[in-house]
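Student: This one is work.cif, mmCIF, C-alpha atoms.
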data_query
loop_
_atom_site.label_atom_id
_atom_site.label_comp_id
_atom_site.auth_asym_id
_atom_site.auth_seq_id
_atom_site.Cartn_x
_atom_site.Cartn_y
_atom_site.Cartn_z
CA MET A 661 -32.15 12.12 58.47
CA THR A 662 -35.51 12.61 56.72
CA VAL A 663 -38.31 14.39 58.53
CA ALA A 664 -42.07 14.58 58.06
CA VAL A 665 -44.76 16.63 59.76
CA LEU A 666 -47.66 14.62 61.18
CA THR A 667 -50.83 16.44 62.21
CA ASN A 668 -53.40 14.60 64.28
CA GLU A 669 -57.16 15.22 64.19
CA CYS A 670 -56.89 18.86 63.16
CA GLN A 671 -60.44 18.74 61.89
CA ARG A 672 -63.42 21.05 61.95
CA GLY A 673 -65.20 18.60 64.25
CA ALA A 674 -62.32 18.58 66.74
CA ILE A 675 -60.85 22.08 66.82
CA GLY A 676 -62.73 24.04 64.18
CA ASP A 677 -66.09 25.68 63.64
CA ARG A 678 -68.00 22.42 64.23
CA ALA A 679 -66.05 21.27 67.27
CA LEU A 680 -67.68 18.66 69.48
CA TRP A 681 -65.37 19.72 72.34
CA PRO A 682 -65.61 23.52 72.66
CA ALA A 683 -62.97 23.60 75.40
CA LEU A 684 -60.49 21.80 73.17
CA ALA A 685 -61.25 24.14 70.26
CA GLU A 686 -60.65 27.11 72.53
CA SER A 687 -57.36 25.68 73.75
CA ALA A 688 -56.28 24.92 70.17
CA ARG A 689 -57.08 28.37 68.77
CA PRO A 690 -53.52 29.77 69.23
CA MET A 691 -52.08 26.51 67.87
CA ILE A 692 -53.74 26.73 64.45
CA PRO A 693 -51.79 29.69 62.98
CA ALA A 694 -48.52 28.31 64.35
CA LEU A 695 -49.25 24.92 62.81
CA ALA A 696 -50.27 26.57 59.52
CA ARG A 697 -46.84 28.26 59.43
CA LEU A 698 -45.15 24.94 60.12
CA VAL A 699 -46.89 23.00 57.36
CA GLY A 700 -46.39 25.92 54.98
CA ALA A 701 -42.66 25.90 55.66
CA ALA A 702 -42.57 22.12 55.25
CA ARG A 703 -44.28 22.27 51.88
CA ALA A 704 -41.93 25.01 50.71
CA ARG A 705 -39.00 22.69 51.44
CA ARG A 706 -40.77 19.60 50.04
CA ILE A 707 -40.89 18.01 53.48
CA PRO A 708 -43.83 15.57 53.64
CA VAL A 709 -46.97 16.66 55.47
CA VAL A 710 -49.25 13.85 56.63
CA HIS A 711 -52.66 14.57 58.12
CA TYR A 712 -54.01 11.79 60.34
CA ILE A 713 -57.75 12.23 60.66
CA VAL A 714 -60.59 10.35 62.28
CA VAL A 715 -63.48 9.42 60.00
CA ARG A 716 -66.29 7.26 61.32
CA PRO A 717 -68.07 5.02 58.80
CA GLU A 718 -71.83 5.11 58.49
CA GLY A 719 -73.86 2.54 60.38
CA PRO A 720 -73.74 1.03 63.89
CA SER A 721 -70.32 -0.57 63.34
CA GLY A 722 -68.88 2.88 62.78
CA SER A 723 -69.86 4.08 66.25
CA PRO A 724 -67.69 2.46 68.93
CA MET A 725 -69.07 3.04 72.41
CA ASN A 726 -66.50 1.25 74.56
CA ALA A 727 -65.07 4.48 76.06
CA PRO A 728 -66.70 7.65 77.42
CA LEU A 729 -64.83 9.67 74.79
CA PHE A 730 -66.72 7.97 71.99
CA ARG A 731 -70.11 8.99 73.38
CA VAL A 732 -69.13 12.60 72.75
CA ALA A 733 -67.43 11.81 69.45
CA ASN A 734 -70.56 10.15 68.07
CA ARG A 735 -73.06 12.86 68.87
CA ALA A 736 -74.28 15.27 66.17
CA GLU A 737 -73.00 12.83 63.50
CA GLY A 738 -69.47 12.99 64.84
CA CYS A 739 -66.77 12.99 62.18
CA ARG A 740 -68.77 10.83 59.81
CA VAL A 741 -67.77 10.14 56.24
CA GLY A 742 -68.69 13.09 54.06
CA THR A 743 -69.61 15.47 56.89
CA PRO A 744 -68.06 18.92 57.40
CA GLN A 745 -66.84 17.76 60.81
CA ALA A 746 -64.46 15.29 59.13
CA GLU A 747 -62.74 17.99 57.06
CA LEU A 748 -59.41 19.54 58.02
CA VAL A 749 -59.57 23.04 59.41
CA PRO A 750 -59.12 25.22 56.32
CA GLU A 751 -55.94 26.87 57.59
CA LEU A 752 -54.15 23.53 57.13
CA GLY A 753 -55.39 22.62 53.67
CA PRO A 754 -54.84 19.98 52.59
CA ALA A 755 -52.43 21.03 49.86
CA PRO A 756 -52.19 18.81 46.77
CA THR A 757 -48.85 17.43 47.98
CA ASP A 758 -50.16 16.52 51.44
CA ARG A 759 -51.15 13.00 52.36
CA VAL A 760 -54.42 12.51 54.26
CA ILE A 761 -54.82 9.19 56.06
CA SER A 762 -58.00 8.20 57.88
CA LYS A 763 -58.48 6.12 60.98
CA HIS A 764 -61.85 4.48 61.45
CA HIS A 765 -61.73 2.98 64.95
CA GLY A 766 -60.00 3.32 68.27
CA ILE A 767 -57.98 6.34 69.34
CA VAL A 768 -54.65 6.17 67.50
CA SER A 769 -52.42 3.68 65.73
CA LEU A 770 -49.61 4.31 63.30
CA ALA A 771 -48.96 0.65 62.58
CA SER A 772 -52.55 -0.42 61.88
CA SER A 773 -53.19 2.53 59.59
CA ARG A 774 -51.22 3.55 56.50
CA VAL A 775 -49.28 6.20 58.41
CA HIS A 776 -46.33 3.98 59.35
CA GLU A 777 -46.26 2.39 55.90
CA THR A 778 -46.37 5.79 54.18
CA LEU A 779 -43.61 7.25 56.33
CA ARG A 780 -41.37 4.27 55.72
CA GLU A 781 -41.97 4.48 51.97
CA LEU A 782 -40.78 8.09 52.15
CA GLY A 783 -37.69 7.10 54.11
CA VAL A 784 -38.79 9.15 57.13
CA ASP A 785 -37.02 8.56 60.42
CA GLU A 786 -38.11 11.69 62.31
CA ILE A 787 -41.68 12.79 62.97
CA VAL A 788 -42.61 16.34 63.92
CA LEU A 789 -45.74 15.49 65.89
CA THR A 790 -48.52 18.09 66.07
CA GLY A 791 -52.24 18.51 66.69
CA VAL A 792 -54.57 17.23 69.39
CA SER A 793 -54.85 16.26 71.97
CA ALA A 794 -52.17 16.31 74.63
CA ASN A 795 -54.65 14.44 76.82
CA LEU A 796 -54.68 11.22 74.79
CA ALA A 797 -53.61 11.02 71.18
CA ILE A 798 -50.36 13.00 71.19
CA PRO A 799 -48.67 10.99 73.98
CA SER A 800 -50.05 7.74 72.53
CA LEU A 801 -48.66 8.55 69.09
CA ALA A 802 -45.33 9.62 70.56
CA PHE A 803 -44.92 6.38 72.50
CA GLU A 804 -45.83 4.28 69.48
CA ALA A 805 -43.56 6.25 67.14
CA VAL A 806 -40.58 5.79 69.45
CA GLY A 807 -41.42 2.09 69.65
CA LEU A 808 -41.34 1.98 65.85
CA ALA A 809 -37.84 3.53 65.89
CA TYR A 810 -38.78 7.07 64.81
CA ARG A 811 -37.24 10.11 66.43
CA VAL A 812 -40.02 12.38 67.66
CA THR A 813 -40.01 16.16 67.84
CA VAL A 814 -42.90 18.01 69.46
CA PRO A 815 -43.26 21.77 68.96
CA ARG A 816 -44.88 23.07 72.14
CA ASP A 817 -46.94 25.64 70.24
CA ALA A 818 -48.25 23.11 67.72
CA ILE A 819 -50.13 20.83 70.10
CA ALA A 820 -53.08 21.50 72.41
CA GLY A 821 -54.90 19.86 75.28
CA VAL A 822 -57.49 20.57 77.97
CA PRO A 823 -56.81 22.37 80.17
CA SER A 824 -53.80 24.11 78.66
CA ALA A 825 -51.91 23.77 81.93
CA TYR A 826 -52.28 19.99 81.68
CA ALA A 827 -50.75 20.03 78.21
CA GLU A 828 -47.74 21.86 79.63
CA GLU A 829 -47.41 19.31 82.43
CA MET A 830 -47.64 16.44 79.93
CA LEU A 831 -44.86 18.00 77.87
CA LYS A 832 -42.66 18.66 80.88
CA HIS A 833 -43.05 15.42 82.78
CA THR A 834 -43.82 12.80 80.11
CA LEU A 835 -43.09 13.76 76.53
CA SER A 836 -39.74 15.31 77.45
CA LEU A 837 -38.55 11.78 78.28
CA ILE A 838 -39.12 10.43 74.77
CA ALA A 839 -39.28 13.43 72.41
CA THR A 840 -37.35 16.58 71.61
CA LEU A 841 -39.43 19.55 72.78
CA THR A 842 -39.11 22.70 70.75
CA THR A 843 -41.14 25.44 69.04
CA VAL A 844 -42.43 25.98 65.51
CA ASP A 845 -39.94 28.78 64.92
CA ASP A 846 -37.04 26.60 66.06
CA VAL A 847 -38.12 23.71 63.83
CA ILE A 848 -38.31 25.99 60.79
CA ALA A 849 -34.93 27.54 61.63
CA ARG A 850 -33.39 24.08 61.88
CA TRP A 851 -34.80 23.09 58.49
CA LYS A 852 -33.16 26.14 56.94
CA LEU A 853 -29.82 25.10 58.40
CA ASP A 854 -30.16 21.40 57.56
CA GLY A 855 -31.51 21.81 54.02
CA ASN A 856 -33.75 18.86 54.79
CA GLU A 857 -36.09 17.91 51.99
CA VAL A 858 -37.34 14.87 50.12
CA ARG A 859 -35.93 14.86 46.59
#
Reformat the file's structure so that it appears as structure tokens.

Tutor:
Amino acid sequence: MTVAVLTNECQRGAIGDRALWPALAESARPMIPALARLVGAARARRIPVVHYIVVRPEGPSGSPMNAPLFRVANRAEGCRVGTPQAELVPELGPAPTDRVISKHHGIVSLASSRVHETLRELGVDEIVLTGVSANLAIPSLAFEAVGLAYRVTVPRDAIAGVPSAYAEEMLKHTLSLIATLTTVDDVIARWKLDGNEVR
């Protein structure tokens, strides 16, 4: 079994100092140090870390408006190419060994981006899914990953949603049906026992 850590939209414009959703940034504040520990432990064991970020191209075609979410996402330049909002929060890097993959439209898709292709090239069959948000992207990614035959592990303290109580309900009543729910500490402890790394 080969594992990889996948972070989703852990960007300055989502959960950092330039957040477009202050409530989400507030909810994610305790998550960031836990997630930083997780990716640090992964790198130390040469486990792949993949950051899935949203980057909107310049111009009208880069600004989808077919959902209320996008009206917020596109204000104040959104996560446009080359803007500080599009950068990862500094606590997460990226490190030179990390892979950063951009999505340019929609909400999430592993198959239509290079995420699925990259994971398969690495021989990954288990994803440790992290980031934001438990409202939309995390469950969507989990469902798609299971459909693509990955095993999915979700550390409770490495995802966030709004309100926080909703994230807990999503974990309990939905994600528990398709993913292994755990904590960052338990994931790291398991890696130490398994000796899991990409050679």

Student: Write out as a ChimeraX atom specification the residues lying within 9 Å of stretch 686-696 of chain A, counting only C-alpha atoms and excluding same-chain residues fewer than 2 positions away.

Tutor: /A:667,670,675-676,681-684,698-701,749,751-753,790-793,817-824,844-845

Student: Have a look at atom CA of A:Arg774 and atom CA of A:Ile761 and let me know their distance in Å, one decimal.

Tutor: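 Computing it gives 6.7 Å between the two atoms.
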
Student: When the PyMOL selection byres ((chain A and resi 782) around 12) is applied to the structure above, which residues does it catch, written out as a list in words?

Tutor: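 Applied to this file, the PyMOL selection byres ((chain A and resi 782) around 12) selects Met661, Thr662, Val663, Ala664, Arg706, Ile707, Pro708, Val709, Val710, Arg759, Val775, His776, Glu777, Thr778, Leu779, Arg780, Glu781, Gly783, Val784, Asp785, Glu786, Ile787, Glu857, Val858 and Arg859 of chain A.
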
Student: Pick the closest to A:Arg816 from A:Pro799, A:Gly673, A:Trp851, A:Thr842: which is it, counting only C-alpha atoms?

Tutor: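 So, comparing all the options, the nearest one is A:Thr842.
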
Student: Point out the residue among A:Ala755, A:Val714, A:Ala794, A:Ala704 with the least atom-to-atom distance to A:Lys832, counting only C-alpha atoms.

Tutor: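 Of the candidates, the smallest distance to A:Lys832 is held by A:Ala794.
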
Student: Which residue is closest to A:Ile838? Choose from A:Ala746, A:Leu801, A:Leu666, A:Val760 and count all atoms listed in the file.

Tutor: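 Of the candidates, the smallest distance to A:Ile838 is held by A:Leu801.
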
Student: A:Leu808: which residues within 9 Å, counting all atoms listed in the file, same-chain residues fewer than 5 positions away excluded, as a PyMOL selection string?

Tutor: chain A and resi 770-771+776+803

Student: For atom CA of A:Val847 and atom CA of A:Arg672, determine how far apart the two atoms are, in Å to one decimal place.

Tutor: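 Going from atom CA of A:Val847 over to atom CA of A:Arg672 covers 25.5 Å.
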
Student: Separation of atom CA of A:Gln745 and atom CA of A:Ala825, in Å?

Tutor: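 Separating atom CA of A:Gln745 from atom CA of A:Ala825 is a distance of 26.6 Å.
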
Student: Given the choices A:Ala849, A:Val715, A:Ala839, A:Ala685, which gets closest to A:Gly807 if the distance is worked out from only C-alpha atoms?

Tutor: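 Between A:Ala849, A:Val715, A:Ala839, A:Ala685, the residue approaching A:Gly807 most closely is A:Ala839.
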
Student: Please evaluate the PyMOL selection byres ((chain A and resi 837) around 12) against the displayed coordinates and give the resulting residues as a PyMOL selection string.

Tutor: chain A and resi 799+802-803+806+812-814+830-836+838-841

Student: Which of these residues is nearest to A:Gly855, using all atoms listed in the file: A:Arg705, A:Gly742, A:Leu796, A:Ala674?

Tutor: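 Nearest to A:Gly855: A:Arg705.
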
Student: Using all atoms listed in the file, pick whichever of A:Pro815, A:Glu828, A:Leu680, A:Ile798 has the shortest atom-to-atom distance to A:Ser769.

Tutor: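 Ranking A:Pro815, A:Glu828, A:Leu680, A:Ile798 by distance to A:Ser769, first place goes to A:Ile798.
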